[in-house]
>>> print(open('data-v9.cif').read())   # mmCIF, C-alpha atoms
data_protein
loop_
_atom_site.label_atom_id
_atom_site.label_comp_id
_atom_site.auth_asym_id
_atom_site.auth_seq_id
_atom_site.Cartn_x
_atom_site.Cartn_y
_atom_site.Cartn_z
CA MET A 172 0.00 0.00 0.00
CA GLN A 173 1.40 3.37 -0.97
CA PHE A 174 1.98 5.56 2.06
CA PHE A 175 0.39 9.01 2.12
CA SER A 176 2.35 11.86 3.70
CA ALA A 177 3.51 15.40 2.98
CA PHE A 178 6.79 13.95 1.72
CA SER A 179 5.06 11.54 -0.69
CA LEU A 180 2.89 14.38 -1.99
CA PHE A 181 6.02 16.48 -2.65
CA ARG A 182 7.85 13.53 -4.26
CA HIS A 183 4.97 12.70 -6.59
CA GLY A 184 4.60 16.38 -7.39
CA LEU A 185 8.08 16.33 -8.88
CA GLY A 186 6.81 13.65 -11.26
CA ARG A 187 3.62 15.57 -12.14
CA HIS A 188 1.62 13.12 -9.98
CA GLN A 189 1.89 10.37 -12.60
CA GLY A 190 3.18 7.71 -10.18
CA TRP A 191 0.18 7.24 -7.89
CA GLN A 192 -1.21 3.70 -7.72
CA ARG A 193 -4.88 2.70 -7.78
CA GLN A 194 -6.29 2.89 -4.30
CA TRP A 195 -7.62 -0.67 -4.51
CA ARG A 196 -7.59 -3.49 -7.05
CA ARG A 197 -10.45 -4.28 -9.42
CA ALA A 198 -10.89 -7.77 -8.04
CA SER A 199 -12.78 -10.62 -9.66
CA PRO A 200 -14.49 -13.10 -7.33
CA LYS A 201 -12.69 -16.33 -6.48
CA PRO A 202 -14.60 -19.64 -6.20
CA SER A 203 -14.50 -19.56 -2.38
CA TYR A 204 -13.56 -17.42 0.61
CA ASP A 205 -13.17 -17.84 4.35
CA ALA A 206 -15.70 -15.01 4.81
CA ILE A 207 -17.94 -12.90 2.59
CA ILE A 208 -19.29 -9.45 3.44
CA VAL A 209 -22.40 -8.39 1.54
CA GLY A 210 -22.43 -4.60 1.19
CA GLY A 211 -19.62 -2.25 0.17
CA GLY A 212 -20.40 0.67 2.44
CA GLY A 213 -18.39 1.87 5.42
CA HIS A 214 -19.69 -0.87 7.72
CA GLY A 215 -18.99 -3.69 5.27
CA LEU A 216 -15.56 -2.47 4.18
CA GLY A 217 -14.63 -1.75 7.79
CA ALA A 218 -15.68 -5.23 8.89
CA ALA A 219 -13.51 -6.76 6.15
CA TYR A 220 -10.58 -4.59 7.23
CA TYR A 221 -10.87 -5.61 10.89
CA LEU A 222 -11.34 -9.27 9.96
CA ALA A 223 -8.00 -9.08 8.17
CA LYS A 224 -6.08 -6.88 10.58
CA VAL A 225 -7.42 -7.88 14.00
CA HIS A 226 -8.45 -11.48 13.42
CA GLY A 227 -6.03 -12.57 10.69
CA ILE A 228 -8.80 -13.67 8.29
CA ARG A 229 -7.57 -12.28 4.98
CA ASN A 230 -9.28 -14.53 2.46
CA VAL A 231 -12.31 -12.22 2.49
CA ALA A 232 -14.52 -10.76 -0.24
CA VAL A 233 -16.68 -7.65 -0.05
CA LEU A 234 -19.53 -7.93 -2.57
CA GLU A 235 -21.17 -4.68 -3.68
CA LYS A 236 -24.03 -4.62 -6.18
CA GLY A 237 -23.12 -1.12 -7.34
CA TRP A 238 -20.02 0.91 -6.58
CA ILE A 239 -18.10 1.41 -3.37
CA GLY A 240 -19.82 3.97 -1.16
CA GLY A 241 -22.79 4.31 -3.53
CA GLY A 242 -25.37 3.49 -0.87
CA ASN A 243 -26.04 5.18 2.46
CA THR A 244 -22.34 5.80 3.14
CA GLY A 245 -22.27 8.33 0.31
CA ARG A 246 -25.77 9.70 0.99
CA ASN A 247 -25.76 10.69 4.64
CA THR A 248 -25.17 14.00 6.39
CA THR A 249 -21.96 12.85 8.15
CA ILE A 250 -22.93 13.67 11.77
CA ILE A 251 -21.00 11.87 14.52
CA ARG A 252 -22.09 11.77 18.18
CA SER A 253 -22.51 9.30 21.04
CA ASN A 254 -25.04 11.03 23.33
CA TYR A 255 -27.59 8.21 23.35
CA LEU A 256 -29.80 7.56 26.34
CA PHE A 257 -29.33 3.95 27.47
CA GLY A 258 -26.11 2.41 28.68
CA GLU A 259 -26.00 -0.19 25.92
CA SER A 260 -26.29 2.47 23.21
CA ALA A 261 -23.90 4.87 24.91
CA ALA A 262 -21.24 2.14 25.05
CA LEU A 263 -21.78 1.25 21.39
CA TYR A 264 -21.66 4.78 19.98
CA ASP A 265 -18.89 5.97 22.28
CA HIS A 266 -16.79 2.98 21.21
CA ALA A 267 -17.23 4.28 17.66
CA LEU A 268 -16.50 7.90 18.60
CA LYS A 269 -13.23 6.94 20.25
CA MET A 270 -12.24 5.07 17.09
CA TRP A 271 -13.17 8.07 14.94
CA GLU A 272 -10.64 10.19 16.82
CA GLY A 273 -7.73 8.11 15.53
CA LEU A 274 -9.17 6.71 12.31
CA SER A 275 -7.15 8.86 9.90
CA GLN A 276 -3.92 7.67 11.51
CA GLU A 277 -5.18 4.07 11.62
CA LEU A 278 -5.95 4.02 7.89
CA ASN A 279 -3.21 6.45 6.75
CA TYR A 280 -6.07 8.28 5.01
CA ASN A 281 -7.57 11.63 5.93
CA VAL A 282 -11.22 10.95 6.76
CA MET A 283 -11.52 14.63 7.73
CA PHE A 284 -12.96 13.97 11.19
CA SER A 285 -13.79 17.32 12.79
CA ALA A 286 -14.82 17.39 16.47
CA ARG A 287 -16.70 20.67 16.09
CA GLY A 288 -19.47 19.85 18.56
CA VAL A 289 -23.08 18.68 18.16
CA MET A 290 -25.82 20.79 19.74
CA MET A 291 -29.38 19.47 20.11
CA LEU A 292 -31.95 22.23 20.66
CA ALA A 293 -34.83 22.35 23.12
CA HIS A 294 -37.93 24.39 22.18
CA ASN A 295 -40.42 23.62 24.97
CA ILE A 296 -40.56 22.32 28.52
CA HIS A 297 -40.79 18.71 27.35
CA ASP A 298 -37.68 19.16 25.20
CA VAL A 299 -35.82 20.65 28.15
CA GLN A 300 -36.75 17.75 30.42
CA VAL A 301 -35.77 15.14 27.80
CA ALA A 302 -32.47 16.88 27.03
CA LYS A 303 -31.49 17.16 30.68
CA ARG A 304 -32.38 13.50 31.21
CA HIS A 305 -30.00 12.65 28.36
CA VAL A 306 -27.27 14.83 29.83
CA HIS A 307 -27.48 13.16 33.24
CA ALA A 308 -27.69 9.64 31.74
CA ASN A 309 -24.69 10.32 29.52
CA ARG A 310 -22.60 11.52 32.43
CA ILE A 311 -23.45 8.41 34.42
CA ASN A 312 -22.25 6.34 31.45
CA GLY A 313 -19.03 8.32 31.08
CA VAL A 314 -20.12 10.14 27.91
CA ASP A 315 -19.59 13.89 27.66
CA ASN A 316 -22.75 15.98 27.32
CA GLU A 317 -23.76 19.28 28.90
CA TRP A 318 -26.77 21.55 29.18
CA VAL A 319 -26.36 25.09 27.84
CA THR A 320 -28.73 28.05 28.03
CA ALA A 321 -30.08 29.78 24.93
CA GLU A 322 -27.50 32.54 25.36
CA GLN A 323 -24.68 30.01 25.65
CA ALA A 324 -26.01 28.20 22.58
CA LYS A 325 -25.92 31.48 20.67
CA GLU A 326 -22.36 32.07 21.80
CA PHE A 327 -21.35 28.60 20.62
CA CYS A 328 -23.23 28.99 17.31
CA PRO A 329 -23.55 32.70 16.40
CA PRO A 330 -25.98 32.24 13.44
CA LEU A 331 -28.62 30.72 15.77
CA ASN A 332 -31.76 32.79 16.27
CA ILE A 333 -32.78 32.88 19.95
CA ASP A 334 -35.53 35.49 19.63
CA PRO A 335 -38.22 34.44 22.15
CA ASN A 336 -41.02 35.54 19.79
CA VAL A 337 -40.44 32.97 17.04
CA ARG A 338 -42.77 30.01 16.60
CA TYR A 339 -40.32 27.55 18.23
CA PRO A 340 -38.14 29.58 20.59
CA VAL A 341 -34.82 28.11 21.70
CA LEU A 342 -34.90 27.46 25.47
CA GLY A 343 -31.50 25.78 25.64
CA ALA A 344 -29.59 22.85 24.20
CA ALA A 345 -27.64 19.69 24.99
CA LEU A 346 -24.08 19.98 23.71
CA GLN A 347 -21.61 17.18 23.04
CA ARG A 348 -18.31 18.87 22.28
CA ARG A 349 -16.58 15.67 21.12
CA GLY A 350 -19.18 15.16 18.39
CA GLY A 351 -18.74 16.47 14.89
CA THR A 352 -18.50 15.37 11.26
CA ALA A 353 -16.30 13.40 8.86
CA ARG A 354 -16.05 13.05 5.09
CA HIS A 355 -18.30 10.12 4.16
CA ASP A 356 -16.61 9.24 0.86
CA ALA A 357 -13.17 9.34 2.46
CA VAL A 358 -14.29 6.82 5.08
CA ALA A 359 -15.37 4.32 2.41
CA TRP A 360 -12.25 4.90 0.32
CA GLY A 361 -9.95 4.69 3.33
CA TYR A 362 -11.37 1.37 4.51
CA ALA A 363 -11.40 -0.03 0.95
CA ARG A 364 -7.76 0.92 0.42
CA ALA A 365 -6.63 -0.48 3.78
CA ALA A 366 -8.62 -3.73 3.39
CA ASP A 367 -7.31 -4.25 -0.14
CA ALA A 368 -3.74 -3.85 1.10
CA LEU A 369 -4.35 -6.73 3.51
CA GLY A 370 -5.55 -9.03 0.72
CA VAL A 371 -9.31 -8.48 0.83
CA ASP A 372 -11.04 -8.73 -2.55
CA ILE A 373 -13.42 -5.83 -3.21
CA VAL A 374 -15.84 -6.89 -5.93
CA GLU A 375 -18.06 -4.17 -7.36
CA ASN A 376 -21.07 -4.71 -9.65
CA CYS A 377 -21.68 -8.07 -7.99
CA GLU A 378 -25.23 -8.36 -6.67
CA VAL A 379 -26.12 -11.19 -4.29
CA THR A 380 -29.19 -12.99 -5.63
CA GLY A 381 -29.37 -15.94 -3.23
CA ILE A 382 -27.92 -17.44 -0.05
CA LYS A 383 -27.22 -21.17 -0.19
CA ARG A 384 -27.46 -23.53 2.79
CA ASP A 385 -26.11 -27.04 3.19
CA ALA A 386 -27.96 -30.16 4.34
CA ALA A 387 -27.48 -29.16 7.99
CA GLY A 388 -28.98 -25.73 7.36
CA ALA A 389 -25.71 -23.78 7.65
CA VAL A 390 -24.53 -21.24 5.11
CA SER A 391 -22.51 -22.67 2.24
CA GLY A 392 -22.17 -19.61 0.00
CA VAL A 393 -23.97 -17.00 -2.06
CA GLU A 394 -25.38 -16.84 -5.56
CA THR A 395 -24.43 -13.64 -7.37
CA THR A 396 -24.77 -12.03 -10.78
CA ARG A 397 -21.18 -13.21 -11.30
CA GLY A 398 -21.73 -16.82 -10.28
CA PHE A 399 -21.76 -18.89 -7.10
CA ILE A 400 -19.17 -18.06 -4.39
CA ALA A 401 -18.64 -20.54 -1.59
CA SER A 402 -18.10 -19.52 2.04
CA LYS A 403 -19.10 -20.86 5.44
CA ARG A 404 -19.28 -17.33 6.90
CA VAL A 405 -21.45 -14.60 5.37
CA GLY A 406 -21.96 -11.20 6.98
CA VAL A 407 -24.74 -8.96 5.65
CA SER A 408 -24.33 -5.21 5.99
CA ALA A 409 -26.73 -3.94 3.34
CA ALA A 410 -28.54 -1.09 5.17
CA GLY A 411 -32.06 -0.57 3.76
CA HIS A 412 -31.91 -3.82 1.77
CA SER A 413 -30.78 -6.02 4.68
CA SER A 414 -34.26 -7.53 5.06
CA VAL A 415 -34.32 -8.34 1.34
CA VAL A 416 -30.95 -10.12 1.50
CA LEU A 417 -31.75 -12.03 4.70
CA ASP A 418 -35.07 -13.16 3.22
CA MET A 419 -32.99 -15.16 0.71
CA ALA A 420 -32.01 -17.38 3.66
CA HIS A 421 -35.59 -17.37 5.02
CA VAL A 422 -34.64 -15.12 7.93
CA ARG A 423 -37.21 -12.45 8.77
CA LEU A 424 -35.95 -9.21 10.27
CA PRO A 425 -38.02 -6.69 12.28
CA LEU A 426 -37.17 -3.85 9.88
CA GLU A 427 -39.00 -1.15 7.97
CA SER A 428 -37.22 0.82 5.26
CA TYR A 429 -37.95 4.51 4.68
CA PRO A 430 -36.55 7.22 2.41
CA LEU A 431 -34.52 9.86 4.20
CA GLN A 432 -33.76 13.14 2.43
CA ALA A 433 -30.93 15.64 2.63
CA LEU A 434 -29.83 18.65 0.65
CA VAL A 435 -26.95 21.10 0.36
CA SER A 436 -26.74 24.79 -0.40
CA GLU A 437 -24.46 26.66 -2.70
CA PRO A 438 -20.98 26.92 -1.12
CA VAL A 439 -20.12 29.94 1.01
CA LYS A 440 -17.19 30.95 3.20
CA PRO A 441 -17.01 29.39 6.69
CA VAL A 442 -20.02 30.67 8.58
CA PHE A 443 -21.34 27.72 10.61
CA PRO A 444 -18.99 26.39 13.32
CA CYS A 445 -20.77 23.27 14.60
CA VAL A 446 -23.64 20.85 14.06
CA VAL A 447 -27.13 21.88 15.21
CA MET A 448 -30.05 19.49 15.44
CA SER A 449 -33.70 20.05 16.32
CA ASN A 450 -35.99 17.11 16.92
CA THR A 451 -39.09 19.24 17.41
CA ILE A 452 -38.96 20.98 14.04
CA HIS A 453 -37.26 18.14 12.16
CA ALA A 454 -34.08 19.69 10.87
CA TYR A 455 -30.33 19.57 11.34
CA ILE A 456 -27.51 21.50 9.73
CA SER A 457 -23.73 21.73 9.47
CA GLN A 458 -21.25 23.13 6.97
CA SER A 459 -18.97 20.98 4.83
CA ASP A 460 -15.33 21.72 4.14
CA LYS A 461 -16.39 22.70 0.61
CA GLY A 462 -18.56 25.45 2.12
CA GLU A 463 -21.97 23.88 1.47
CA LEU A 464 -24.59 23.98 4.19
CA VAL A 465 -25.54 20.33 4.72
CA ILE A 466 -29.19 20.05 5.76
CA GLY A 467 -31.04 16.91 6.82
CA ALA A 468 -34.74 16.15 7.24
CA GLY A 469 -36.84 13.52 8.95
CA THR A 470 -37.89 10.26 7.33
CA ASP A 471 -40.81 10.12 4.93
CA ALA A 472 -44.09 8.83 6.33
CA TYR A 473 -44.31 5.76 4.10
CA THR A 474 -42.05 2.74 3.67
CA SER A 475 -40.22 2.58 0.36
CA TYR A 476 -37.03 1.34 -1.30
CA THR A 477 -36.70 4.47 -3.46
CA GLN A 478 -33.74 6.81 -3.00
CA ARG A 479 -35.94 9.87 -3.13
CA GLY A 480 -38.72 11.33 -1.02
CA GLY A 481 -41.65 13.72 -0.91
CA LEU A 482 -41.05 17.38 -1.81
CA HIS A 483 -43.06 18.59 1.18
CA ILE A 484 -40.54 16.99 3.56
CA ALA A 485 -37.69 19.10 2.18
CA ALA A 486 -39.88 22.21 2.10
CA HIS A 487 -40.84 21.76 5.76
CA THR A 488 -37.19 21.29 6.72
CA LEU A 489 -36.07 24.43 4.89
CA ALA A 490 -38.83 26.45 6.55
CA ALA A 491 -37.49 25.34 9.93
CA ILE A 492 -33.89 26.16 8.96
CA CYS A 493 -34.91 29.65 7.80
CA GLU A 494 -36.59 30.32 11.14
CA LEU A 495 -33.64 29.10 13.20
CA PHE A 496 -31.05 30.80 10.98
CA PRO A 497 -32.64 33.80 9.24
CA GLN A 498 -29.40 34.84 7.55
CA PHE A 499 -29.64 31.77 5.30
CA ARG A 500 -33.03 32.66 3.82
CA ARG A 501 -31.64 33.98 0.54
CA MET A 502 -29.27 31.09 -0.09
CA ARG A 503 -29.89 28.79 -3.04
CA MET A 504 -30.10 25.05 -2.66
CA LEU A 505 -27.61 23.25 -4.88
CA ARG A 506 -28.97 19.67 -4.88
CA ASN A 507 -30.97 17.20 -2.82
CA TRP A 508 -31.05 13.42 -2.60
CA GLY A 509 -32.41 10.52 -0.60
CA GLY A 510 -31.20 7.31 0.99
CA ILE A 511 -32.92 4.22 2.39
CA VAL A 512 -32.80 3.80 6.16
CA ASP A 513 -33.63 0.54 7.91
CA VAL A 514 -35.53 1.10 11.14
CA THR A 515 -36.18 -1.37 13.97
CA PRO A 516 -39.15 -1.13 16.37
CA ASP A 517 -36.91 0.18 19.19
CA ARG A 518 -34.75 2.36 16.89
CA SER A 519 -31.59 0.49 17.90
CA PRO A 520 -29.43 -1.62 15.57
CA ILE A 521 -28.92 -5.35 15.23
CA ILE A 522 -25.31 -6.64 15.21
CA ALA A 523 -25.63 -10.33 15.72
CA LYS A 524 -25.66 -13.95 14.66
CA THR A 525 -28.82 -15.08 12.92
CA PRO A 526 -30.66 -18.38 13.47
CA VAL A 527 -28.80 -19.71 10.41
CA PRO A 528 -25.31 -20.99 11.35
CA GLY A 529 -22.61 -18.97 9.63
CA LEU A 530 -24.91 -16.07 8.74
CA TYR A 531 -24.47 -12.72 10.51
CA VAL A 532 -26.21 -9.37 10.15
CA ASN A 533 -25.40 -5.73 10.89
CA CYS A 534 -28.51 -3.63 10.26
CA GLY A 535 -31.30 -1.51 11.72
CA TRP A 536 -29.26 1.66 12.18
CA GLY A 537 -31.96 4.03 11.01
CA THR A 538 -30.22 7.39 10.66
CA GLY A 539 -27.40 6.45 13.06
CA GLY A 540 -25.31 4.25 10.81
CA PHE A 541 -22.59 6.63 9.71
CA LYS A 542 -21.72 7.85 13.20
CA ALA A 543 -21.22 4.23 14.28
CA THR A 544 -19.11 3.15 11.28
CA PRO A 545 -15.74 2.23 12.82
CA GLY A 546 -17.20 0.83 16.03
CA ALA A 547 -19.93 -1.18 14.31
CA ALA A 548 -17.45 -2.58 11.77
CA HIS A 549 -15.03 -3.54 14.53
CA LEU A 550 -17.74 -5.32 16.54
CA PHE A 551 -19.24 -7.01 13.48
CA ALA A 552 -15.83 -8.39 12.53
CA HIS A 553 -15.43 -9.76 16.07
CA THR A 554 -18.85 -11.45 15.86
CA ILE A 555 -18.07 -13.06 12.50
CA ALA A 556 -14.54 -14.18 13.42
CA ARG A 557 -15.42 -15.68 16.80
CA ASP A 558 -19.02 -16.71 16.13
CA GLU A 559 -20.05 -14.83 19.25
CA PRO A 560 -20.72 -11.17 20.01
CA HIS A 561 -18.36 -8.74 21.65
CA PRO A 562 -19.65 -7.63 25.08
CA ILE A 563 -20.53 -4.21 23.61
CA ASN A 564 -22.83 -5.57 20.89
CA ALA A 565 -24.13 -8.55 22.88
CA PRO A 566 -27.43 -6.75 23.76
CA PHE A 567 -28.17 -5.92 20.10
CA THR A 568 -29.58 -9.29 19.06
CA ILE A 569 -32.54 -10.19 16.85
CA GLU A 570 -34.01 -12.19 19.75
CA ARG A 571 -34.51 -9.09 21.91
CA PHE A 572 -37.69 -8.36 19.94
CA ARG A 573 -39.00 -11.81 20.85
CA ASP A 574 -37.92 -11.67 24.48
CA GLY A 575 -38.83 -8.04 25.20
CA TYR A 576 -35.33 -6.76 26.05
CA LEU A 577 -35.72 -3.62 23.94
CA ILE A 578 -33.32 -0.67 23.84
CA ASP A 579 -35.74 2.13 23.06
CA GLU A 580 -33.76 4.99 21.53
CA ALA A 581 -36.61 6.67 19.67
CA ALA A 582 -35.88 10.00 21.39
CA ALA A 583 -32.09 9.86 21.21
CA ALA A 584 -32.19 8.87 17.54
CA ALA A 585 -33.49 12.42 16.98
CA VAL A 586 -35.16 13.82 13.90
CA ALA A 587 -35.80 10.66 11.93
CA HIS A 588 -38.10 8.94 14.39
#
>>> encode(input="data-v9.cif", output="C-alpha cells")
Amino acid sequence: MQFFSAFSLFRHGLGRHQGWQRQWRRASPKPSYDAIIVGGGGHGLGAAYYLAKVHGIRNVAVLEKGWIGGGNTGRNTTIIRSNYLFGESAALYDHALKMWEGLSQELNYNVMFSARGVMMLAHNIHDVQVAKRHVHANRINGVDNEWVTAEQAKEFCPPLNIDPNVRYPVLGAALQRRGGTARHDAVAWGYARAADALGVDIVENCEVTGIKRDAAGAVSGVETTRGFIASKRVGVSAAGHSSVVLDMAHVRLPLESYPLQALVSEPVKPVFPCVVMSNTIHAYISQSDKGELVIGAGTDAYTSYTQRGGLHIAAHTLAAICELFPQFRRMRMLRNWGGIVDVTPDRSPIIAKTPVPGLYVNCGWGTGGFKATPGAAHLFAHTIARDEPHPINAPFTIERFRDGYLIDEAAAAAVAH
C-alpha cells in the first residue's frame, strides 16, 4: 500500500503526480472465501478490514451490487455523536467515537474527522426535560454531554436565532463537544484501500441474488450475478436492503425501510462552526469543508425502497432552517437526494448472529449508521470471526424483539423517528 504523507505528496509532485497507484484493485471473485461481506459501504468495508487486521482472516470478499460507497455511506449528512440515552447504546456509539478520533492515523487516510461539537436544541418544557435527562444519563455512562442556556447556545453557534417571539423559541440545548462530522466518501475509500492492502477482494457490480445452505442448514455460500461463491461465513451489511438479502435465507428481520432526504446549499465561506439538530422541528444543519450547508430532514411517512422522497418533507425542513437561521433565507439550494434507512421497532441496531449458522447481520441503524461506522465494523468483525458477540454488541440481538429486552432509543435517535 502506498503511504500518504507530505513527503510523498512532494515527491509525486516532482513527477507531475503520474506515479500514484490505484487505491484498490479491481478484483474478480474467487470460487471460495473464508468469509464474505455483503455490502460495500463503510460498515462492510470496515468489517472486512478488521477481519484481516485484527483477526487474521484475509481470504475475504466484499460484494457490492453497485459501486463502493454508492449506498447510504455516500448519501448521509456525516454527523458523529454518542449522546444516546441507554447504557447499551452509549457504550456502542462511544466505542465508535473513540475510534473516529484516531481513524485517519489508523488508515493512513484523511477521513476529515472534525470534532466541532453537536448541539441538540430544546424548544419547549418537554424538550428541556428530555435533554437534561440525556445529559445526566450520559454523564453516568461516562459520555460527555452538557446543558447550555439559549444565550450560551448562541455564543457557541452565532448564526442561531434565539428570539423568544419565534414560533419555536430556543430554550437551551444539549451539547456534546466531542461530536462532529467526517467526510463520508473518504471513510469508504480509506477502509477499501486499507482492506485491499491486507488481501481483501473488493468486488463491485456483484449483486447477491441468493444465499445457499447445506444439508445441515448452515450457510454454504452466495449466488451472485457473477456466479456462485462458496463460504461458510457470510456477513450482511446492506442497510435498507438487509431484510431483502436475509429473506434469501428465510430469515425475517423486524425492519421497515424509509426514504430519508438531505440537501446542500451553494458553497459559502465558513459561517457555521458546529452541528445543530432540532428534533421538534425536524431539521439539522452543518457546513462541509467545501462550504456547502448540509441540511437533513426527517424520514418520509411511508415505507419505500426508493432513493428519493416527498417534496413537502424538504420544504418543511427548509422552513425550519430559515426560522432558526434567518441569515440563510436567501441562499440557493444546490442539490438534494435521498437514501434508504432501515428502522427497527426500538430504533436500535442489530449486530448479531442469525438463526442460520454462519450467517451474521449488521442492520437496523436508522439514521445512526454513519456515526457508528468504525465501532460497528469492529464489533461485526469480532462477531463473525469468533461466532459470538463482543460484550458491547451482545445486547443488540434479533431475539430481543422476541424476548422483550428492547433498547428504546426513539428519542435519542433524533429527527428521523
>>> closest_residue(input="data-v9.cif", among="A:Val447, A:Leu263, A:Val422, A:Ala353", to="A:Phe567", atoms="all atoms listed in the file")
A:Leu263
>>> resolve_selection(input="data-v9.cif", expression="the PyMOL selection byres ((chain A and resi 310-325) around 7)", output="ChimeraX atom specification")
/A:254,258,261,303,306-309,326-329,331,333,341-347
>>> resolve_selection(input="data-v9.cif", expression="the PyMOL selection byres ((chain A and resi 233-250) around 8)", output="MDAnalysis selection string")
chainID A and resid 207:213 215:216 219 231:232 251:252 350:356 359:360 371:379 410 433 446 465:467 508:512 541:542
>>> resolve_selection(input="data-v9.cif", expression="the PyMOL selection byres ((chain A and resi 556) around 10)", output="PyMOL selection string")
chain A and resi 205-206+221-223+225-228+404+550-555+557-560
>>> closest_residue(input="data-v9.cif", among="A:Leu434, A:Ala454, A:Leu577, A:Ala368", to="A:Pro516", atoms="only C-alpha atoms")
A:Leu577
>>> atom_distance(input="data-v9.cif", atom1="atom CA of A:Pro545", atom2="atom CA of A:Cys445")
21.7 Å
>>> atom_distance(input="data-v9.cif", atom1="atom CA of A:Leu426", atom2="atom CA of A:Ser414")
6.7 Å
>>> residues_around(input="data-v9.cif", residues="A:His294", least_positions_apart="2", cutoff="8 Å", atoms="only C-alpha atoms", output="list of chain:residue names")
A:Leu292, A:Ile296, A:Asp298, A:Val299, A:Tyr339, A:Pro340, A:Val341, A:Leu342, A:Gly343, A:Thr451
>>> atom_distance(input="data-v9.cif", atom1="atom CA of A:Asn279", atom2="atom CA of A:Tyr264")
22.8 Å
>>> residues_near_point(input="data-v9.cif", point="(-3.2, -6.5, 3.9)", cutoff="9 Å", atoms="all atoms listed in the file", output="NGL selection string")
:A and (172 or 220 or 223-224 or 229 or 365-371)
>>> decode(input="data-v9.cif", residues="stretch 373-391 of chain A", atoms="N, CA and C atoms", output="short mmCIF file (atom, residue, chain, number, x, y, z; two decimals), in the first residue's frame")
data_model
loop_
_atom_site.label_atom_id
_atom_site.label_comp_id
_atom_site.auth_asym_id
_atom_site.auth_seq_id
_atom_site.Cartn_x
_atom_site.Cartn_y
_atom_site.Cartn_z
N ILE A 373 -12.27 -6.73 -3.14
CA ILE A 373 -13.42 -5.83 -3.21
C ILE A 373 -14.02 -5.96 -4.59
N VAL A 374 -15.21 -6.54 -4.65
CA VAL A 374 -15.84 -6.89 -5.93
C VAL A 374 -17.07 -6.01 -6.13
N GLU A 375 -16.94 -5.06 -7.05
CA GLU A 375 -18.06 -4.17 -7.36
C GLU A 375 -18.92 -4.77 -8.47
N ASN A 376 -20.14 -4.23 -8.64
CA ASN A 376 -21.07 -4.71 -9.65
C ASN A 376 -21.30 -6.22 -9.52
N CYS A 377 -21.48 -6.65 -8.29
CA CYS A 377 -21.68 -8.07 -7.99
C CYS A 377 -22.83 -8.20 -6.99
N GLU A 378 -24.04 -8.31 -7.51
CA GLU A 378 -25.23 -8.36 -6.67
C GLU A 378 -25.48 -9.78 -6.16
N VAL A 379 -25.75 -9.90 -4.88
CA VAL A 379 -26.12 -11.19 -4.29
C VAL A 379 -27.58 -11.47 -4.61
N THR A 380 -27.83 -12.63 -5.23
CA THR A 380 -29.19 -12.99 -5.63
C THR A 380 -29.75 -14.18 -4.84
N GLY A 381 -28.90 -14.81 -4.03
CA GLY A 381 -29.37 -15.94 -3.23
C GLY A 381 -28.34 -16.34 -2.20
N ILE A 382 -28.80 -16.91 -1.09
CA ILE A 382 -27.92 -17.44 -0.05
C ILE A 382 -28.16 -18.94 0.05
N LYS A 383 -27.11 -19.71 -0.19
CA LYS A 383 -27.22 -21.17 -0.19
C LYS A 383 -26.93 -21.74 1.19
N ARG A 384 -27.66 -22.83 1.53
CA ARG A 384 -27.46 -23.53 2.79
C ARG A 384 -27.23 -25.00 2.53
N ASP A 385 -26.41 -25.61 3.38
CA ASP A 385 -26.11 -27.04 3.19
C ASP A 385 -27.19 -27.91 3.82
N ALA A 386 -26.95 -29.22 3.83
CA ALA A 386 -27.96 -30.16 4.34
C ALA A 386 -28.26 -29.95 5.81
N ALA A 387 -27.28 -29.41 6.56
CA ALA A 387 -27.48 -29.16 7.99
C ALA A 387 -28.13 -27.80 8.25
N GLY A 388 -28.35 -27.03 7.20
CA GLY A 388 -28.98 -25.73 7.36
C GLY A 388 -28.01 -24.57 7.48
N ALA A 389 -26.71 -24.85 7.51
CA ALA A 389 -25.71 -23.78 7.65
C ALA A 389 -25.42 -23.14 6.29
N VAL A 390 -24.88 -21.96 6.33
CA VAL A 390 -24.53 -21.24 5.11
C VAL A 390 -23.42 -21.98 4.37
N SER A 391 -23.56 -22.06 3.05
CA SER A 391 -22.51 -22.67 2.24
C SER A 391 -21.98 -21.71 1.16
#
